[in-house]
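Raw query.cif, mmCIF, C-alpha atoms and all ligand atoms:
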```cif
data_coords
loop_
_atom_site.label_atom_id
_atom_site.label_comp_id
_atom_site.auth_asym_id
_atom_site.auth_seq_id
_atom_site.Cartn_x
_atom_site.Cartn_y
_atom_site.Cartn_z
CA MET O 1 -45.41 56.33 -56.08
CA SER O 2 -47.89 58.66 -57.71
CA SER O 3 -48.95 58.38 -61.31
CA PHE O 4 -47.20 61.65 -62.06
CA THR O 5 -43.90 60.33 -60.71
CA HIS O 6 -44.35 57.22 -62.81
CA GLU O 7 -45.08 59.35 -65.82
CA LEU O 8 -42.02 61.52 -65.20
CA ARG O 9 -39.79 58.49 -64.80
CA ASP O 10 -41.13 57.03 -68.02
CA ARG O 11 -40.55 60.27 -69.85
CA LEU O 12 -37.00 60.46 -68.53
CA SER O 13 -36.19 56.94 -69.58
CA ARG O 14 -37.51 57.69 -73.06
CA LEU O 15 -35.40 60.83 -73.21
CA ARG O 16 -32.22 59.46 -71.72
CA PRO O 17 -30.61 58.48 -75.05
CA ARG O 18 -31.16 62.03 -76.29
CA ILE O 19 -29.65 63.49 -73.13
CA SER O 20 -26.61 61.24 -73.20
CA ALA O 21 -25.98 62.01 -76.84
CA GLY O 22 -25.87 65.68 -75.89
CA PHE O 23 -23.40 65.13 -73.08
CA GLU O 24 -21.11 63.20 -75.39
CA ASN O 25 -21.14 66.04 -77.86
CA LEU O 26 -20.60 68.69 -75.23
CA SER O 27 -16.83 68.49 -75.43
CA GLY O 28 -17.09 69.84 -78.95
CA LEU O 29 -18.80 72.96 -77.60
CA LYS O 30 -16.03 73.83 -75.21
CA PRO O 31 -13.69 76.41 -76.69
CA ALA O 32 -10.04 75.74 -77.24
CA GLY O 33 -7.78 77.68 -74.92
CA VAL O 34 -10.22 77.82 -72.00
CA ASP O 35 -9.65 75.47 -69.09
CA THR O 36 -13.17 74.14 -68.58
CA SER O 37 -12.28 71.49 -66.02
CA SER O 38 -13.12 73.72 -63.06
CA ILE O 39 -16.33 75.15 -64.54
CA ARG O 40 -19.32 73.95 -62.55
CA LYS O 41 -22.66 73.13 -64.06
CA PRO O 42 -25.44 75.69 -63.70
CA GLY O 43 -27.01 75.51 -60.25
CA PHE O 44 -29.88 77.84 -60.98
CA CYS O 45 -31.72 79.04 -64.06
CA CYS O 46 -34.37 81.68 -64.47
CA LEU O 47 -35.90 82.49 -67.81
CA GLY O 48 -37.38 85.96 -67.40
CA VAL O 49 -39.79 85.57 -70.26
CA VAL O 50 -41.56 88.92 -69.95
CA ASP O 51 -40.63 92.16 -68.30
CA THR O 52 -43.97 93.67 -67.58
CA CYS O 53 -46.85 93.02 -65.24
CA VAL O 54 -50.60 93.32 -64.78
CA LEU O 55 -50.26 94.64 -61.24
CA LYS O 56 -48.82 97.89 -59.96
CA CYS O 57 -47.00 96.86 -56.84
CA ARG O 58 -45.55 99.47 -54.52
CA MET O 59 -42.50 97.31 -53.85
CA CYS O 60 -41.69 96.54 -57.47
CA ASN O 61 -41.72 98.72 -60.55
CA LYS O 62 -41.73 95.98 -63.14
CA TRP O 63 -44.96 97.39 -64.50
CA LYS O 64 -43.23 100.66 -65.43
CA SER O 65 -41.10 101.05 -68.53
CA ASP O 66 -37.61 99.84 -67.77
CA LEU O 67 -35.34 102.79 -67.17
CA TYR O 68 -32.41 101.26 -68.93
CA VAL O 69 -33.63 98.71 -71.42
CA ARG O 70 -33.91 100.20 -74.88
CA ASP O 71 -33.79 96.88 -76.63
CA GLN O 72 -37.14 95.76 -77.98
CA ARG O 73 -36.07 92.29 -79.04
CA LYS O 74 -38.40 89.48 -78.08
CA PRO O 75 -37.25 85.88 -78.35
CA THR O 76 -39.66 83.63 -80.23
CA LEU O 77 -41.07 80.51 -78.61
CA GLU O 78 -38.73 78.48 -80.82
CA GLN O 79 -35.73 80.41 -79.49
CA TRP O 80 -36.84 79.85 -75.89
CA LYS O 81 -37.34 76.16 -76.61
CA ARG O 82 -33.89 75.90 -78.11
CA VAL O 83 -32.39 77.33 -74.92
CA ILE O 84 -34.29 74.80 -72.84
CA SER O 85 -33.11 71.92 -75.04
CA GLN O 86 -29.51 73.12 -74.84
CA LEU O 87 -29.78 73.47 -71.07
CA ARG O 88 -30.58 69.78 -70.91
CA ASP O 89 -27.00 69.06 -71.90
CA LEU O 90 -25.58 71.38 -69.27
CA THR O 91 -27.54 70.31 -66.22
CA ASP O 92 -28.30 67.43 -63.90
CA GLU O 93 -31.45 65.40 -64.47
CA ASP O 94 -33.59 66.99 -61.76
CA PHE O 95 -32.54 70.53 -62.62
CA GLU O 96 -35.19 73.19 -62.10
CA ILE O 97 -36.09 75.91 -64.58
CA ASP O 98 -37.87 78.93 -63.16
CA PHE O 99 -40.09 80.91 -65.48
CA GLY O 100 -40.17 84.46 -64.23
CA GLY O 101 -41.37 87.92 -65.10
CA GLY O 102 -42.85 90.46 -64.45
CA GLU O 103 -45.84 88.24 -64.70
CA ALA O 104 -44.60 85.22 -66.63
CA LEU O 105 -48.12 84.14 -67.58
CA MET O 106 -48.36 87.21 -69.80
CA LEU O 107 -46.15 85.46 -72.34
CA PRO O 108 -48.41 83.86 -74.94
CA GLY O 109 -47.17 80.29 -75.31
CA LEU O 110 -45.55 80.09 -71.87
CA LEU O 111 -47.23 76.74 -71.21
CA GLU O 112 -45.79 75.39 -74.45
CA LEU O 113 -42.36 76.14 -73.01
CA VAL O 114 -43.30 74.46 -69.73
CA ARG O 115 -44.45 71.37 -71.63
CA HIS O 116 -41.22 71.33 -73.60
CA ALA O 117 -39.15 71.55 -70.40
CA ALA O 118 -41.28 68.94 -68.62
CA ASP O 119 -40.88 66.56 -71.56
CA LEU O 120 -37.13 66.94 -71.21
CA GLY O 121 -37.37 65.95 -67.54
CA PHE O 122 -36.85 69.36 -65.95
CA THR O 123 -38.58 70.43 -62.77
CA THR O 124 -40.46 73.59 -63.68
CA THR O 125 -41.66 76.52 -61.60
CA ILE O 126 -43.77 79.54 -62.40
CA ALA O 127 -44.03 82.44 -59.98
CA SER O 128 -47.20 84.42 -60.40
CA ASN O 129 -49.36 87.02 -58.75
CA GLY O 130 -52.38 84.89 -59.67
CA TRP O 131 -54.33 87.65 -61.39
CA LEU O 132 -54.63 85.88 -64.76
CA ILE O 133 -55.38 82.39 -63.45
CA ASP O 134 -59.04 81.70 -64.13
CA ASP O 135 -60.56 78.24 -64.33
CA GLU O 136 -59.53 77.66 -67.95
CA LEU O 137 -55.94 78.83 -67.50
CA ALA O 138 -55.66 76.69 -64.35
CA ARG O 139 -56.77 73.67 -66.37
CA ARG O 140 -54.12 74.38 -68.99
CA ILE O 141 -51.44 74.99 -66.35
CA ALA O 142 -52.19 71.68 -64.67
CA ALA O 143 -52.09 69.93 -68.04
CA SER O 144 -48.77 71.54 -69.02
CA GLY O 145 -46.67 69.31 -66.77
CA LEU O 146 -45.71 72.22 -64.50
CA SER O 147 -44.14 71.05 -61.23
CA LYS O 148 -44.72 74.10 -59.01
CA MET O 149 -46.83 77.21 -59.05
CA ILE O 150 -45.75 79.82 -56.53
CA LEU O 151 -48.37 82.46 -55.82
CA SER O 152 -47.85 85.78 -54.10
CA VAL O 153 -49.96 86.37 -51.01
CA ASP O 154 -48.52 89.03 -48.74
CA SER O 155 -51.32 89.21 -46.19
CA LEU O 156 -54.55 87.48 -45.24
CA ASP O 157 -56.07 90.95 -45.08
CA PRO O 158 -57.32 91.78 -48.61
CA LYS O 159 -56.99 95.48 -47.95
CA ILE O 160 -53.29 95.24 -47.11
CA HIS O 161 -52.53 92.90 -49.98
CA ASP O 162 -54.42 94.98 -52.56
CA THR O 163 -53.04 98.29 -51.36
CA PHE O 164 -49.46 97.22 -51.83
CA ARG O 165 -50.13 95.20 -54.99
CA GLY O 166 -51.66 98.32 -56.48
CA VAL O 167 -54.84 96.82 -57.94
CA GLU O 168 -58.07 96.25 -56.06
CA GLY O 169 -59.33 92.69 -56.17
CA THR O 170 -55.88 91.08 -56.40
CA HIS O 171 -56.31 89.22 -53.13
CA LYS O 172 -59.64 87.78 -54.24
CA ARG O 173 -58.16 86.72 -57.58
CA VAL O 174 -55.14 84.96 -56.08
CA LEU O 175 -57.33 83.02 -53.63
CA ALA O 176 -59.58 82.06 -56.55
CA ALA O 177 -56.47 80.98 -58.48
CA ILE O 178 -55.62 78.56 -55.66
CA ASP O 179 -59.14 77.09 -55.92
CA HIS O 180 -58.88 76.70 -59.69
CA LEU O 181 -55.42 75.17 -59.60
CA HIS O 182 -56.37 72.76 -56.87
CA ARG O 183 -59.48 71.68 -58.76
CA HIS O 184 -57.44 70.84 -61.86
CA ARG O 185 -54.27 69.50 -60.25
CA ARG O 186 -53.14 66.13 -61.54
CA ASP O 187 -52.12 64.86 -58.11
CA ASP O 188 -50.13 65.88 -55.06
CA ASP O 189 -46.93 66.10 -57.06
CA PHE O 190 -48.17 69.37 -58.47
CA ILE O 191 -47.10 71.86 -55.83
CA ILE O 192 -48.90 75.07 -55.00
CA GLY O 193 -46.72 77.26 -52.82
CA ILE O 194 -47.05 80.74 -51.40
CA CYS O 195 -44.52 83.54 -51.48
CA SER O 196 -44.93 86.47 -49.08
CA ILE O 197 -42.97 89.67 -48.78
CA ILE O 198 -42.03 90.78 -45.29
CA MET O 199 -42.48 94.53 -45.05
CA GLU O 200 -43.90 96.94 -42.50
CA PRO O 201 -47.57 96.55 -43.44
CA THR O 202 -47.41 92.74 -43.68
CA LEU O 203 -45.30 92.14 -40.58
CA PRO O 204 -48.18 91.82 -38.11
CA GLY O 205 -49.79 89.11 -40.25
CA ILE O 206 -46.72 87.03 -41.10
CA LEU O 207 -47.41 84.32 -38.52
CA ASP O 208 -51.06 84.18 -39.62
CA LEU O 209 -49.85 83.45 -43.15
CA TYR O 210 -47.74 80.63 -41.80
CA ASN O 211 -50.72 79.19 -39.92
CA TRP O 212 -52.91 79.45 -43.00
CA VAL O 213 -50.46 77.49 -45.14
CA LYS O 214 -50.00 74.99 -42.32
CA THR O 215 -53.71 74.25 -42.09
CA ASP O 216 -54.70 74.47 -45.76
CA PRO O 217 -54.07 71.06 -47.34
CA ARG O 218 -53.93 72.55 -50.84
CA LEU O 219 -50.74 74.44 -50.02
CA ARG O 220 -47.34 72.88 -49.60
CA HIS O 221 -44.94 75.66 -48.66
CA ILE O 222 -44.45 79.27 -47.86
CA LEU O 223 -41.37 81.29 -48.76
CA PHE O 224 -40.72 84.57 -47.02
CA MET O 225 -38.89 87.32 -48.87
CA ALA O 226 -37.45 90.48 -47.37
CA VAL O 227 -38.63 93.68 -49.02
CA MET O 228 -35.90 95.15 -51.20
CA GLN O 229 -35.38 98.30 -53.16
CA PRO O 230 -38.13 98.25 -55.79
CA ASN O 231 -37.09 96.87 -59.15
CA ASN O 232 -36.56 99.42 -61.84
CA SER O 233 -36.10 102.33 -59.45
CA GLU O 234 -33.57 105.02 -60.04
CA GLU O 235 -30.32 103.92 -58.56
CA ARG O 236 -29.37 100.37 -58.05
CA PHE O 237 -28.54 99.56 -54.46
CA ASP O 238 -29.36 103.08 -53.51
CA LYS O 239 -28.17 103.68 -49.98
CA ALA O 240 -31.03 104.16 -47.55
CA TRP O 241 -33.63 103.63 -50.28
CA TYR O 242 -36.00 102.65 -47.48
CA ASP O 243 -35.88 106.23 -46.15
CA ARG O 244 -37.13 107.71 -49.39
CA ASP O 245 -40.67 109.08 -49.21
CA GLU O 246 -42.09 106.50 -51.60
CA CYS O 247 -40.55 103.58 -49.71
CA HIS O 248 -40.66 104.75 -46.13
CA ASP O 249 -43.80 102.83 -45.20
CA LEU O 250 -42.44 99.56 -46.65
CA TRP O 251 -39.56 99.23 -44.24
CA PRO O 252 -40.16 97.54 -40.86
CA ARG O 253 -38.55 99.54 -38.09
CA ASP O 254 -39.70 97.90 -34.87
CA GLN O 255 -36.72 95.70 -34.13
CA ALA O 256 -38.26 93.96 -31.13
CA ARG O 257 -41.27 92.91 -33.18
CA LEU O 258 -39.05 91.77 -36.05
CA ASP O 259 -36.93 89.71 -33.68
CA ALA O 260 -39.98 88.07 -32.14
CA ILE O 261 -41.37 87.15 -35.56
CA PHE O 262 -38.10 85.85 -36.95
CA ASN O 263 -37.54 83.81 -33.78
CA LYS O 264 -40.94 82.22 -34.33
CA LEU O 265 -40.27 81.58 -38.01
CA LYS O 266 -36.98 79.93 -37.16
CA GLU O 267 -38.70 77.81 -34.53
CA PHE O 268 -41.28 76.68 -37.10
CA ARG O 269 -38.56 76.04 -39.65
CA ARG O 270 -36.73 73.75 -37.25
CA GLU O 271 -39.90 71.69 -36.96
CA GLY O 272 -40.14 70.97 -40.66
CA PHE O 273 -40.19 72.22 -44.19
CA LEU O 274 -43.42 74.13 -44.45
CA ILE O 275 -41.30 77.26 -44.51
CA SER O 276 -39.04 76.84 -47.47
CA ASN O 277 -36.42 79.38 -46.40
CA THR O 278 -33.37 77.86 -44.79
CA LEU O 279 -32.56 78.78 -41.21
CA PRO O 280 -29.47 80.76 -42.23
CA GLN O 281 -31.56 82.60 -44.78
CA LEU O 282 -34.10 83.62 -42.14
CA GLU O 283 -31.25 84.78 -39.93
CA ALA O 284 -29.72 86.73 -42.81
CA GLN O 285 -33.05 88.44 -43.46
CA ARG O 286 -33.36 89.34 -39.80
CA GLN O 287 -29.85 90.84 -39.84
CA TYR O 288 -30.66 92.72 -43.02
CA PHE O 289 -33.67 94.39 -41.40
CA ARG O 290 -31.54 95.25 -38.41
CA GLU O 291 -28.59 96.71 -40.34
CA PRO O 292 -29.26 96.94 -44.06
CA GLU O 293 -26.13 98.93 -44.79
CA SER O 294 -23.82 96.43 -43.14
CA PHE O 295 -25.15 93.43 -44.97
CA VAL O 296 -21.91 92.28 -46.47
CA LYS O 297 -21.08 88.93 -47.90
CA THR O 298 -18.60 86.87 -45.98
CA SER O 299 -18.09 84.44 -48.81
CA THR O 300 -17.93 84.69 -52.56
CA CYS O 301 -21.18 85.19 -54.42
CA ASN O 302 -22.71 82.03 -55.78
CA MET O 303 -24.24 83.73 -58.80
CA ASP O 304 -21.32 82.34 -60.79
CA THR O 305 -23.37 79.19 -61.27
CA ALA O 306 -26.58 80.99 -62.23
CA LEU O 307 -27.85 81.25 -65.75
CA HIS O 308 -30.38 83.93 -66.59
CA VAL O 309 -32.03 84.84 -69.83
CA SER O 310 -33.87 88.15 -69.87
CA ALA O 311 -37.05 89.09 -71.69
CA VAL O 312 -35.00 90.61 -74.50
CA GLY O 313 -32.94 87.44 -74.82
CA ASP O 314 -29.74 88.48 -73.08
CA VAL O 315 -27.87 85.67 -71.35
CA PHE O 316 -25.91 86.38 -68.18
CA CYS O 317 -24.92 84.97 -64.81
CA CYS O 318 -25.47 88.15 -62.77
CA PHE O 319 -27.25 91.22 -64.13
CA LYS O 320 -24.32 93.39 -63.04
CA TRP O 321 -21.67 91.67 -65.11
CA ASP O 322 -21.07 90.88 -68.74
CA ILE O 323 -23.79 89.75 -71.10
CA LEU O 324 -22.66 86.49 -72.60
CA GLY O 325 -24.82 86.55 -75.71
CA ASN O 326 -28.37 86.92 -76.91
CA ILE O 327 -30.66 84.06 -77.80
CA THR O 328 -32.35 85.97 -80.60
CA GLU O 329 -29.09 85.96 -82.53
CA GLU O 330 -28.59 83.27 -85.10
CA GLY O 331 -26.39 80.44 -83.88
CA THR O 332 -26.44 81.36 -80.19
CA ASP O 333 -25.93 78.26 -78.10
CA VAL O 334 -26.09 78.58 -74.31
CA ARG O 335 -23.85 75.52 -73.96
CA GLU O 336 -21.10 77.38 -75.79
CA LEU O 337 -21.81 80.54 -73.84
CA TRP O 338 -21.55 78.69 -70.53
CA TYR O 339 -18.04 77.53 -71.39
CA SER O 340 -16.96 80.73 -73.14
CA ALA O 341 -14.11 83.00 -72.15
CA ALA O 342 -16.71 85.75 -71.60
CA ALA O 343 -18.50 83.58 -69.04
CA GLU O 344 -15.27 82.86 -67.24
CA LYS O 345 -14.54 86.58 -67.13
CA ALA O 346 -18.01 87.24 -65.70
CA ARG O 347 -17.56 84.47 -63.14
CA THR O 348 -14.25 85.97 -62.01
CA SER O 349 -15.98 89.34 -61.58
CA ILE O 350 -18.80 87.69 -59.63
CA ARG O 351 -16.41 85.90 -57.30
CA ASN O 352 -14.71 89.22 -56.60
CA CYS O 353 -17.87 91.30 -56.51
CA GLU O 354 -17.95 93.69 -53.57
CA ASP O 355 -21.45 95.01 -54.01
CA ASN O 356 -23.43 95.11 -50.82
CA CYS O 357 -26.10 93.38 -52.81
CA HIS O 358 -29.30 92.18 -51.18
CA PHE O 359 -30.34 90.12 -54.14
CA LEU O 360 -29.08 86.92 -52.61
CA LEU O 361 -31.17 87.33 -49.48
CA ASN O 362 -34.26 86.16 -51.29
CA CYS O 363 -33.00 84.26 -54.25
CA TYR O 364 -30.49 81.58 -54.95
CA PHE O 365 -29.59 81.59 -51.30
CA GLU O 366 -27.03 78.98 -50.42
CA ALA O 367 -27.31 77.53 -46.94
CA GLY O 368 -24.98 79.18 -44.49
CA TYR O 369 -24.50 82.18 -46.72
CA PRO O 370 -23.64 84.87 -45.82
CA PHE O 371 -23.60 84.60 -42.05
CA GLU O 372 -22.06 82.13 -39.71
CA VAL O 373 -24.86 80.48 -37.79
CA LYS O 374 -25.01 78.90 -34.37
CA LYS O 375 -24.86 75.17 -34.19
CA ASN O 376 -28.56 74.74 -33.56
CA ASP O 377 -29.29 76.96 -36.55
CA GLN O 378 -27.66 74.62 -39.01
CA PRO O 379 -29.96 73.85 -41.88
CA LEU O 380 -31.98 70.72 -41.68
CA ARG O 381 -32.05 68.32 -44.59
CA GLU O 382 -32.52 70.59 -47.53
CA PRO O 383 -35.60 70.30 -49.68
CA THR O 384 -34.98 69.01 -53.16
CA PRO O 385 -37.24 68.67 -56.14
CA GLY O 386 -37.11 64.93 -55.56
CA ASN O 387 -38.70 65.05 -52.14
CA GLY O 388 -41.31 67.51 -53.23
CA TYR O 389 -40.00 70.52 -51.40
CA LEU O 390 -39.17 73.87 -52.82
CA ARG O 391 -35.58 74.64 -53.37
CA THR O 392 -34.87 77.80 -51.47
CA THR O 393 -32.00 78.77 -53.64
CA SER O 394 -33.85 80.58 -56.25
CA PRO O 395 -33.37 84.40 -58.01
CA THR O 396 -35.33 86.75 -57.82
CA GLY O 397 -37.09 85.35 -58.78
CA SER O 398 -36.28 84.36 -59.10
CA SER O 399 -37.27 82.47 -58.58
CA CYS O 400 -39.79 81.42 -56.07
CA CYS O 401 -41.51 84.70 -56.38
CA ASP O 402 -42.92 86.95 -59.01
CA ARG O 403 -40.45 89.71 -58.25
CA GLY O 404 -37.68 90.15 -60.68
CA ALA O 405 -34.02 90.56 -60.20
CA PRO O 406 -32.70 93.77 -58.78
CA THR O 407 -33.28 97.06 -60.36
CA ASN O 408 -31.91 98.77 -63.35
CA SER O 409 -29.93 96.24 -65.19
CA SER O 410 -29.89 96.82 -68.85
CA THR O 411 -30.82 93.18 -68.92
CA THR O 412 -33.49 93.38 -66.31
CA MET O 413 -34.51 89.95 -65.23
CA SER O 414 -37.74 89.16 -63.71
CA GLY O 415 -39.29 86.40 -61.82
S1 LIG O 501 -43.95 92.19 -57.53
FE1 LIG O 501 -44.70 90.72 -59.03
S2 LIG O 501 -46.85 91.27 -59.28
FE2 LIG O 501 -45.87 93.03 -58.40
S3 LIG O 501 -45.28 94.36 -60.14
FE3 LIG O 501 -43.50 93.06 -59.60
S4 LIG O 501 -43.67 91.30 -60.95
FE4 LIG O 501 -45.71 92.29 -60.91
S1 LIG O 502 -24.18 92.12 -57.80
FE1 LIG O 502 -24.94 90.75 -56.17
S2 LIG O 502 -25.60 88.89 -57.23
FE2 LIG O 502 -24.25 90.03 -58.61
S3 LIG O 502 -22.20 89.21 -58.30
FE3 LIG O 502 -22.42 91.00 -56.98
S4 LIG O 502 -23.11 90.16 -55.01
FE4 LIG O 502 -23.49 88.59 -56.56
#
```
Starting from the coordinates I provided, produce the structure as structure tokens.
Amino acid sequence: MSSFTHELRDRLSRLRPRISAGFENLSGLKPAGVDTSSIRKPGFCCLGVVDTCVLKCRMCNKWKSDLYVRDQRKPTLEQWKRVISQLRDLTDEDFEIDFGGGEALMLPGLLELVRHAADLGFTTTIASNGWLIDDELARRIAASGLSKMILSVDSLDPKIHDTFRGVEGTHKRVLAAIDHLHRHRRDDDFIIGICSIIMEPTLPGILDLYNWVKTDPRLRHILFMAVMQPNNSEERFDKAWYDRDECHDLWPRDQARLDAIFNKLKEFRREGFLISNTLPQLEAQRQYFREPESFVKTSTCNMDTALHVSAVGDVFCCFKWDILGNITEEGTDVRELWYSAAAEKARTSIRNCEDNCHFLLNCYFEAGYPFEVKKNDQPLREPTPGNGYLRTTSPTGSSCCDRGAPTNSSTTMSG
């Protein structure tokens, strides 16, 4: 067992009395008149700590002013910490908190939040484009107790990566970030993973990315995301967004080539866990590229167990449904919100949601959802924080990537 695992176990045993005390008190936070017995614990949490970015990606408009958010509230570090502490009472011991953006590292004090979460025994993930990670920041990240850093690399070709990330030199900076993080890592329990967006310009190099991660001992995983309608663009779930002039070159159209690549990815995934997507998720992405308009859920949406907090402090399960509260308001307690009548109403809406929403393709993807899969496509043993693998069920951002939640919510999340 590594020293980090020892350290984590020690921390947990020191904290356990605090955690148990919280659980005992939780019954007092459940409102009278609401049947809480069927309410599941959160299965996913993304704190979208900032809603802006240093890059200017073609496939994400997080760097532009949000079209719908007029609220300028910014939670303080103390308010973020309070949420994290309250979450401890709502969640299982190995629960993962994803810190998302925009570019999450733009939040001054982010690593203080990571330290706070790590001290409470959470697994912690930051998704980043790598731009800000110089040697000094890498040292501080490694010292913060962070469990996983997921960096965006869409292509091994710097020209392709930089063109679509909108800022020259991004590729060089993210590769340098890997060097810095590796130099300062505590031990192998600190995971550096890669997240890559499958789109027309990156498609030819997708298998090269896989081979790079396979042969580079510094890297543990690669997660593939399907390109989606850019965040913060005009109409959410705009039909045929990929045919718009500004998006046309993002969308892969050669079905035979897509099939060949997805078949390979699925083959590699069957061999092990280097690819952190599940097999059904890869199949769902392939189907999405084939027929984006007929991507329809065949089961209820699992976002009813997600807990998001946006950069302005709004708390919600899914961006489309009711806001449960705001953490900048005096007395807000996410434990109470989770068990509130408003949350139950939102969960009912989520379970009945008929949006042809692609959000779940990349984030918080539950195995088997949304397509039936052939027997030999059944997921292998799923990665868990405990065995050092990335959970693939993460939003937008969150989170395994630095792309935020879908576009145009008045509570735009980010990751
Ligand atoms: S995809 Fe990531 S790096 Fe690019 S603008 Fe969006 S949040 Fe920033
Ligand atoms: S909008 Fe998407 S993520 Fe939200 S409830 Fe509907 S299907 Fe689920």
Taking only residues of chain O that have an atom at most 6 Å from an atom of ligand LIG 501 (chain O), what is each one's shortest atom pair and its distance in Å to one decimal, using only C-alpha atoms and all ligand atoms, in chain and number order, as JSON lines?
```
{"residue": "O:Cys53", "atom": "CA", "partner": "O:LIG501", "partner_atom": "FE4", "distance": 4.5}
{"residue": "O:Leu55", "atom": "CA", "partner": "O:LIG501", "partner_atom": "S3", "distance": 5.1}
{"residue": "O:Lys56", "atom": "CA", "partner": "O:LIG501", "partner_atom": "S3", "distance": 5.0}
{"residue": "O:Cys57", "atom": "CA", "partner": "O:LIG501", "partner_atom": "FE2", "distance": 4.3}
{"residue": "O:Cys60", "atom": "CA", "partner": "O:LIG501", "partner_atom": "FE3", "distance": 4.5}
{"residue": "O:Asn61", "atom": "CA", "partner": "O:LIG501", "partner_atom": "S3", "distance": 5.6}
{"residue": "O:Lys62", "atom": "CA", "partner": "O:LIG501", "partner_atom": "FE3", "distance": 4.9}
{"residue": "O:Trp63", "atom": "CA", "partner": "O:LIG501", "partner_atom": "S3", "distance": 5.3}
{"residue": "O:Gly101", "atom": "CA", "partner": "O:LIG501", "partner_atom": "S4", "distance": 5.8}
{"residue": "O:Gly102", "atom": "CA", "partner": "O:LIG501", "partner_atom": "S4", "distance": 3.7}
{"residue": "O:Glu103", "atom": "CA", "partner": "O:LIG501", "partner_atom": "S4", "distance": 5.3}
{"residue": "O:Asn129", "atom": "CA", "partner": "O:LIG501", "partner_atom": "S2", "distance": 5.0}
{"residue": "O:Arg165", "atom": "CA", "partner": "O:LIG501", "partner_atom": "FE2", "distance": 5.9}
{"residue": "O:Asp402", "atom": "CA", "partner": "O:LIG501", "partner_atom": "FE1", "distance": 4.2}
{"residue": "O:Arg403", "atom": "CA", "partner": "O:LIG501", "partner_atom": "S1", "distance": 4.3}
```
### Nearby polymer residues, ligand LIG 502 (chain O), at most 7 Å, only C-alpha atoms and all ligand atoms, as a list of chain:residue names
O:Cys301, O:Asn302, O:Met303, O:Cys318, O:Phe319, O:Lys320, O:Ile350, O:Arg351, O:Cys353, O:Glu354, O:Asp355, O:Asn356, O:Cys357, O:His358, O:Phe359, O:Leu360
### Separation of CA of Ile178 (chain O) from CA of Lys148 (chain O) in Å
12.2 Å
### Query
Which one of O:Thr202, O:Thr348, O:Gln255, O:Ser37 sits closest to Phe289 (chain O) if you count all atoms listed in the file?
O:Gln255
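Excluding Glu291 (chain O) itself and same-chain residues fewer than 5 positions from it, the residues having an atom within 12 Å of it are Lys239, Ala240, Tyr242, Trp251, Pro252, Arg253, Gln255, Ala284, Gln285, Arg286, Val296, Asn356 and His358 of chain O, counting all atoms listed in the file.
Nearest to Gln72 (chain O) of all the residues O:Ser310, O:Cys363, O:His221, O:Pro108 is O:Ser310, counting only C-alpha atoms.
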### Which residue of O:Val309, O:Ile133, O:Leu337, O:Met225 approaches Thr278 (chain O) most closely, using only C-alpha atoms
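Looking at the shortest contact to Thr278 (chain O), the residue is O:Met225.
The nearest approach to Val334 (chain O) among the residues O:Ile84, O:Ile198, O:Ile39, O:Leu47, with only C-alpha atoms taken into account, belongs to O:Ile84.
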Can you fill out region 192-202 of chain O with N, CA and C atoms and hand it back as a compact mmCIF listing (two decimals), keeping the file's coordinate frame?
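What landed in selection.txt:
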```txt
# COMPACT_ATOMS: atom_id res chain seq x y z
N ILE O 192 -48.49 73.66 -55.07
CA ILE O 192 -48.90 75.07 -55.00
C ILE O 192 -48.24 75.64 -53.75
N GLY O 193 -47.41 76.63 -53.95
CA GLY O 193 -46.72 77.26 -52.82
C GLY O 193 -47.08 78.74 -52.75
N ILE O 194 -46.76 79.32 -51.62
CA ILE O 194 -47.05 80.74 -51.40
C ILE O 194 -45.73 81.48 -51.18
N CYS O 195 -45.67 82.68 -51.73
CA CYS O 195 -44.52 83.54 -51.48
C CYS O 195 -45.04 84.84 -50.87
N SER O 196 -44.44 85.27 -49.78
CA SER O 196 -44.93 86.47 -49.08
C SER O 196 -43.77 87.42 -48.80
N ILE O 197 -44.02 88.67 -49.01
CA ILE O 197 -42.97 89.67 -48.78
C ILE O 197 -43.12 90.26 -47.38
N ILE O 198 -42.03 90.17 -46.63
CA ILE O 198 -42.03 90.78 -45.29
C ILE O 198 -41.71 92.26 -45.44
N MET O 199 -42.67 93.07 -45.05
CA MET O 199 -42.48 94.53 -45.05
C MET O 199 -43.34 95.10 -43.93
N GLU O 200 -43.21 96.38 -43.67
CA GLU O 200 -43.90 96.94 -42.50
C GLU O 200 -45.40 96.59 -42.46
N PRO O 201 -46.13 96.81 -43.55
CA PRO O 201 -47.57 96.55 -43.44
C PRO O 201 -47.93 95.07 -43.31
N THR O 202 -47.06 94.17 -43.75
CA THR O 202 -47.41 92.74 -43.68
C THR O 202 -46.88 92.07 -42.41
```
